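Asks: Structure incoming, see below.
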Amino acid sequence: MPFDPPLNSLGFPKPPAQTRVVVAMSGGVDSSVVAAELAAEGYDVVGVTLQLYDHGAALAKKGACCAGRDIHDARRVAESMGFPHYVLDYESKFRDSVIDEFADAYLAGATPVPCIRCNERVKFRDLLETARDLGADCMATGHYIQRMQGDNGAELHRAADPVRDQSYFLFSTTREQLDYLRFPLGHLRTKAETRALAVRHGLSVADKPDSQDICFVPDGNYAAVIEKLRPGAADPGEIVDMQGHVMGQHEGVIHYTIGQRRGLGIGGLAEPLYVVKLDPDARRVIVGPKAALATRTVPVREINWLGDQPFTAQAEWEMSVKLRSTRPPAPAILRPISETEAEVELLTAEEGVSPGQACVFYAPEGSRVMGGGWIWKGR
C-alpha cells in the first residue's frame with residue numbers, strides 16, 4: 001500500500017539533499033545563520049546577496065544592509081559552509097522601486113517606510129523570481145516572523161520574540177509569495193539563540209552588530225539624501241499655527257515629521273508646540289498643541305489582505321492594528337471601502353499618525369497577521 005513520504009523541515013515530501021533553497025543573504029548574522037543551518041541539515045543551498053546601491057558611499061558605514069563589507073561577509077559564510085553564493089546587481093531596480101518613491105513621499109509631506117517597499121518590490125518580487133529561475137523549491141530569509149500552515153493554506157504570524165518581530169515590515173507579503181517563502185528564525189525566543197547558532201557553526205559574523213539605519217541613508221540624515229536626489233527640495237518657508245499665524249521660518253519641509261517637537265526654533269510659549277501637518281505645496285509647517293495630534297480615524301489604501309474570507313465579505317472587522325513599528329497593536333474597527341481601501345476607526349485615539357506609514361492588521365486573539373495597508377491623507 002503506497003504511503004506519503006515524511007515532510008522535511010521546510011515542508012517538502014523529499015530528502016533535504018533533493019530540496020533546493022535560495023537564501024537571501026544580507027551579510028548579517030540572521031541570514032547567515034539561516035544559510036548555515038540549512039546547509040548543515042543537508043539542503044541544496046544557494047546564497048544570493050543583492051547589491052542595492054553605490055558601495056562607494058557606504059564602505060565606511062558598519063552594519064548597513066548590503067554594503068561592500070556585507071557582501072564580503074556573506075561570501076565568507078558561503079565558503080565556510082560549502083555552498084555557492086551569487087551577488088546580483090539590483091541597483092537600478094532598487095532606485096526605481098524604492099529610493100525614488102522615498103524621496104517623492106518626503107517631498108509630498110509623508111513619512112515613508114522604504115524597508116517595506118524593498119521587501120515588497122525587490123526581495124519578495126524580483127529576487128523571488130530569480131530563486132524560481134534557479135530551480136529552487138523555496139526561498140528562505142532571516143526575517144523574524146513565522147509562517148504557519150492553516151486550514152486554508154499558509155498563514156503569516158508574529159515572531160515568537162516580540163522584541164525582534166518584523167511583521168510590521170512584511171504585511172504586504174502576498175499569499176502566493178507566502179507559499180514560496182520560509183522564515184526559519186521566527187520561532188526563536190531571543191536574538192541570543194541566533195548568535196549561539198552562529199557560534200556553533202563557526203561563523204565570522206557571530207558577533208556582528210545589527211544594522212540600525214536605512215541602508216541608503218548610512219548616516220541617518222534623510223534630508224541630505226533627498227536634497228541630493230531632488231535639488232531644491234529644502235526650499236525655506238513659514239512655520240505657522242493652526243490659524244495660519246506665522247510663528248517662524250524653516251529651512252525645508254523635508255526636515256520635519258508629524259509629531260515632531262524639537263528643533264522648531266519656537267520658544268517662550270506657555271504650551272509646547274508639535275508639528276501637526278505638513279503642506280509642501282505652500283512650503284508650510286503647521287504646528288499646534290499635543291491634543292491636535294490625536295486621531296481616531298485613519299484612511300488606509302493599497303491593502304494586502306491575508307484573511308480566509310474576502311476583505312469585503314464583512315462591513316466591519318474587529319482587529320488590532322499597529323500604526324508604527326515601535327508601537328504595540330491597538331484595538332480598532334476596520335471598515336472596507338473596496339478590496340484595497342478601508343477606513344480604520346481606533347477605539348483609543350493615537351497621536352502622530354502620519355501619511356506614508358503602514359497600518360498593519362492583526363487578529364484580535366493570537367499571533368496571526370491579517371495584512372495591512374498604507375496610511376494616506378484621505379479624500
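Identifiers for the C-alpha cells are assigned positionally: chains receive A, B, ... in sequence, residues are indexed from 1 per chain, and ligands are indexed from 1 in the order shown.
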Which polymer residues have any atom within 10 Å of an atom of Met148 (chain A), counting only C-alpha atoms, with same-chain residues fewer than 6 positions away left out, as a list in words?
Replies: Ala154, Glu155, Leu156, His157, Leu178, Arg182, Phe183 and Arg368 of chain A
Asks: Just the residues within 12 Å of His85 (chain A), please, counting only C-alpha atoms, with nothing from its chain fewer than 6 positions along; format it as a ChimeraX atom specification.
Replies: /A:22-27,32,35,44-50,71-79
Asks: Give me, as CSV, each residue of region 256-320 of chain A that comes within 12 Å of region 97-109 of chain A, together with its shortest interatomic pair and the distance in Å at one decimal, counting only C-alpha atoms, with rows ordered by chain and rising residue number.
Replies:
residue,atom,partner,partner_atom,distance
A:Tyr256,CA,A:Gly109,CA,8.6
A:Thr257,CA,A:Gly109,CA,7.9
A:Ile258,CA,A:Gly109,CA,8.9
A:Val275,CA,A:Gly109,CA,11.4
A:Val276,CA,A:Gly109,CA,11.2
A:Lys277,CA,A:Gly109,CA,8.2
A:Leu278,CA,A:Gly109,CA,5.4
A:Asp279,CA,A:Gly109,CA,6.5
A:Pro280,CA,A:Gly109,CA,5.8
A:Asp281,CA,A:Ala108,CA,7.9
A:Ala282,CA,A:Ala108,CA,10.9
A:Arg283,CA,A:Gly109,CA,9.7
A:Arg284,CA,A:Gly109,CA,10.0
A:Val285,CA,A:Gly109,CA,9.5
A:Ile286,CA,A:Gly109,CA,11.3
Asks: Select from region 187-257 of chain A every residue with an atom at most 12 Å from any atom of region 111-123 of chain A, then for each give the shortest pair of atoms and their distance in Å to one decimal, using only C-alpha atoms, rows by chain and rising number, as a Markdown table.
Replies:
| residue | atom | partner | partner_atom | distance |
| --- | --- | --- | --- | --- |
| A:Gln212 | CA | A:Cys115 | CA | 11.7 |
| A:Asp213 | CA | A:Cys115 | CA | 10.2 |
| A:Ile214 | CA | A:Cys115 | CA | 7.3 |
| A:Cys215 | CA | A:Cys115 | CA | 8.8 |
| A:Phe216 | CA | A:Pro114 | CA | 9.8 |
| A:Val217 | CA | A:Pro114 | CA | 10.7 |
| A:Tyr222 | CA | A:Thr111 | CA | 10.7 |
| A:Ala223 | CA | A:Thr111 | CA | 11.9 |
| A:Val253 | CA | A:Thr111 | CA | 11.5 |
| A:Ile254 | CA | A:Thr111 | CA | 9.5 |
| A:His255 | CA | A:Thr111 | CA | 10.9 |
| A:Tyr256 | CA | A:Thr111 | CA | 9.3 |
| A:Thr257 | CA | A:Thr111 | CA | 6.8 |
Asks: Would you save the residues from that selection as an mmCIF file, in the first residue's frame, using N, CA and C atoms?
Replies:
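The new file result-v6.cif reads:
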data_model
loop_
_atom_site.group_PDB
_atom_site.id
_atom_site.type_symbol
_atom_site.label_atom_id
_atom_site.label_comp_id
_atom_site.auth_asym_id
_atom_site.auth_seq_id
_atom_site.Cartn_x
_atom_site.Cartn_y
_atom_site.Cartn_z
ATOM 1 N N GLN A 212 21.148 49.389 11.918
ATOM 2 C CA GLN A 212 20.118 50.235 12.519
ATOM 3 C C GLN A 212 19.493 51.201 11.524
ATOM 4 N N ASP A 213 20.262 51.675 10.567
ATOM 5 C CA ASP A 213 19.788 52.714 9.658
ATOM 6 C C ASP A 213 19.203 52.130 8.385
ATOM 7 N N ILE A 214 18.432 52.950 7.682
ATOM 8 C CA ILE A 214 18.022 52.612 6.329
ATOM 9 C C ILE A 214 19.287 52.502 5.477
ATOM 10 N N CYS A 215 19.401 51.459 4.668
ATOM 11 C CA CYS A 215 20.684 51.137 4.044
ATOM 12 C C CYS A 215 21.227 52.243 3.144
ATOM 13 N N PHE A 216 20.346 53.006 2.487
ATOM 14 C CA PHE A 216 20.855 54.052 1.598
ATOM 15 C C PHE A 216 20.923 55.417 2.306
ATOM 16 N N VAL A 217 20.707 55.423 3.620
ATOM 17 C CA VAL A 217 20.891 56.628 4.429
ATOM 18 C C VAL A 217 21.874 56.269 5.543
ATOM 19 N N TYR A 222 18.268 61.853 6.492
ATOM 20 C CA TYR A 222 17.327 61.701 5.383
ATOM 21 C C TYR A 222 17.312 62.939 4.482
ATOM 22 N N ALA A 223 17.312 64.113 5.115
ATOM 23 C CA ALA A 223 17.181 65.354 4.343
ATOM 24 C C ALA A 223 18.313 65.515 3.339
ATOM 25 N N VAL A 253 10.627 71.759 4.304
ATOM 26 C CA VAL A 253 9.618 70.878 4.887
ATOM 27 C C VAL A 253 10.186 69.478 5.125
ATOM 28 N N ILE A 254 11.156 69.074 4.289
ATOM 29 C CA ILE A 254 11.694 67.715 4.407
ATOM 30 C C ILE A 254 12.429 67.473 5.728
ATOM 31 N N HIS A 255 12.695 68.527 6.488
ATOM 32 C CA HIS A 255 13.379 68.371 7.770
ATOM 33 C C HIS A 255 12.414 68.054 8.911
ATOM 34 N N TYR A 256 11.110 67.948 8.614
ATOM 35 C CA TYR A 256 10.110 67.804 9.676
ATOM 36 C C TYR A 256 9.240 66.574 9.462
ATOM 37 N N THR A 257 8.745 66.042 10.572
ATOM 38 C CA THR A 257 7.805 64.922 10.527
ATOM 39 C C THR A 257 6.649 65.197 11.490
#
Asks: Can you tell me, as an NGL selection string, which residues in region 224-323 of chain A count as strand (DSSP E) by DSSP?
Replies: :A and (237-241 or 246-250 or 274-279 or 284-288 or 294-305 or 317-322)
Asks: Restricting the calculation to only C-alpha atoms, which member of A:Gly11, A:Gly372, A:Pro299, A:Pro236 is positioned closest to Cys138 (chain A)?
Replies: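 Checking each candidate against Cys138 (chain A), we get A:Gly11 as the closest.
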Asks: Closest to Ala140 (chain A) among A:Ser31, A:Ser172, A:Asn152, A:Asn221, using only C-alpha atoms?
Replies: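 Checking each of A:Ser31, A:Ser172, A:Asn152, A:Asn221 against Ala140 (chain A), counting only C-alpha atoms, the winner is A:Ser31.
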Asks: If I take CA of Val287 (chain A) and CA of Ala349 (chain A), how far is one from the other in Å, to one decimal?
Replies: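 Between CA of Val287 (chain A) and CA of Ala349 (chain A) the gap works out to 18.9 Å.
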Asks: Which value, in Å to one decimal, gives the distance between CA of Ser80 (chain A) and CA of Ala39 (chain A)?
Replies: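 If I compute the distance from CA of Ser80 (chain A) to CA of Ala39 (chain A), I get 10.6 Å.
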Asks: If you measure from CA of Glu365 (chain A) to CA of Gln314 (chain A), what distance in Å do you get, rounded to one decimal?
Replies: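 Between these atoms lies a distance of 18.4 Å.
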Asks: Report as a list in words all protein, DNA and RNA residues lying within 10 Å of Ala291 (chain A), evaluated on only C-alpha atoms, omitting residues in the same chain fewer than 4 positions from it.
Replies: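 The filter keeps Leu273, Tyr274, Val276, Thr295, Glu350 and Glu351 of chain A.
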Asks: For the selection you just gave me, I'd like the residues written to a file as a short mmCIF file (atom, residue, chain, number, x, y, z; two decimals), in the first residue's frame, keeping all heavy atoms.
Replies:
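Saved result, part_9.cif, follows:
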data_model
loop_
_atom_site.label_atom_id
_atom_site.label_comp_id
_atom_site.auth_asym_id
_atom_site.auth_seq_id
_atom_site.Cartn_x
_atom_site.Cartn_y
_atom_site.Cartn_z
N LEU A 273 4.69 73.25 21.33
CA LEU A 273 4.04 73.04 20.04
C LEU A 273 4.66 71.83 19.34
O LEU A 273 5.84 71.54 19.51
CB LEU A 273 4.17 74.28 19.16
CG LEU A 273 3.44 75.53 19.66
CD1 LEU A 273 3.72 76.70 18.73
CD2 LEU A 273 1.93 75.28 19.75
N TYR A 274 3.84 71.17 18.53
CA TYR A 274 4.25 69.99 17.78
C TYR A 274 3.88 70.19 16.31
O TYR A 274 2.95 70.94 15.98
CB TYR A 274 3.53 68.74 18.30
CG TYR A 274 3.83 68.40 19.73
CD1 TYR A 274 3.22 69.10 20.77
CD2 TYR A 274 4.72 67.38 20.06
CE1 TYR A 274 3.48 68.79 22.10
CE2 TYR A 274 4.98 67.06 21.39
CZ TYR A 274 4.37 67.77 22.40
OH TYR A 274 4.63 67.45 23.71
N VAL A 276 1.86 69.30 13.41
CA VAL A 276 0.60 68.58 13.26
C VAL A 276 0.24 68.33 11.80
O VAL A 276 -0.59 67.48 11.49
CB VAL A 276 -0.56 69.33 13.97
CG1 VAL A 276 -0.28 69.45 15.45
CG2 VAL A 276 -0.79 70.71 13.36
N THR A 295 -5.89 61.33 16.83
CA THR A 295 -6.88 60.98 15.80
C THR A 295 -7.42 59.59 16.07
O THR A 295 -6.73 58.74 16.64
CB THR A 295 -6.27 61.04 14.39
OG1 THR A 295 -7.29 60.80 13.43
CG2 THR A 295 -5.18 59.99 14.21
N GLU A 350 -4.90 57.88 18.83
CA GLU A 350 -3.43 57.86 18.85
C GLU A 350 -2.89 59.18 18.32
O GLU A 350 -3.52 59.86 17.51
CB GLU A 350 -2.90 56.70 18.02
CG GLU A 350 -3.14 55.34 18.65
CD GLU A 350 -2.04 54.34 18.30
OE1 GLU A 350 -0.91 54.76 18.01
OE2 GLU A 350 -2.34 53.14 18.34
N GLU A 351 -1.69 59.52 18.77
CA GLU A 351 -1.04 60.77 18.36
C GLU A 351 0.01 60.50 17.29
O GLU A 351 0.63 59.44 17.26
CB GLU A 351 -0.37 61.44 19.56
CG GLU A 351 -1.34 61.83 20.67
CD GLU A 351 -0.63 62.29 21.92
OE1 GLU A 351 0.60 62.13 21.99
OE2 GLU A 351 -1.31 62.79 22.83
#
Asks: Using only C-alpha atoms, which residues sit within 8 Å of Arg189 (chain A) once same-chain residues fewer than 4 positions away are excluded, as an MDAnalysis selection string?
Replies: chainID A and resid 160:161 193
Asks: Find the residues near Ala198 (chain A): any atom within 12 Å, counting only C-alpha atoms, skip ones fewer than 5 places away on the same chain, and give them as a list in words.
Replies: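 In the requested format, the answer is Gly28, Val29, Asp30, Ser31, Ser32, Val33, Val34, Ala35, Ala36, Glu37, Ala40, Val77, Met81, Lys191, Ala192, Glu193, Leu203, Ser204, Val205, Ala206, Asp207 and Lys208 of chain A.
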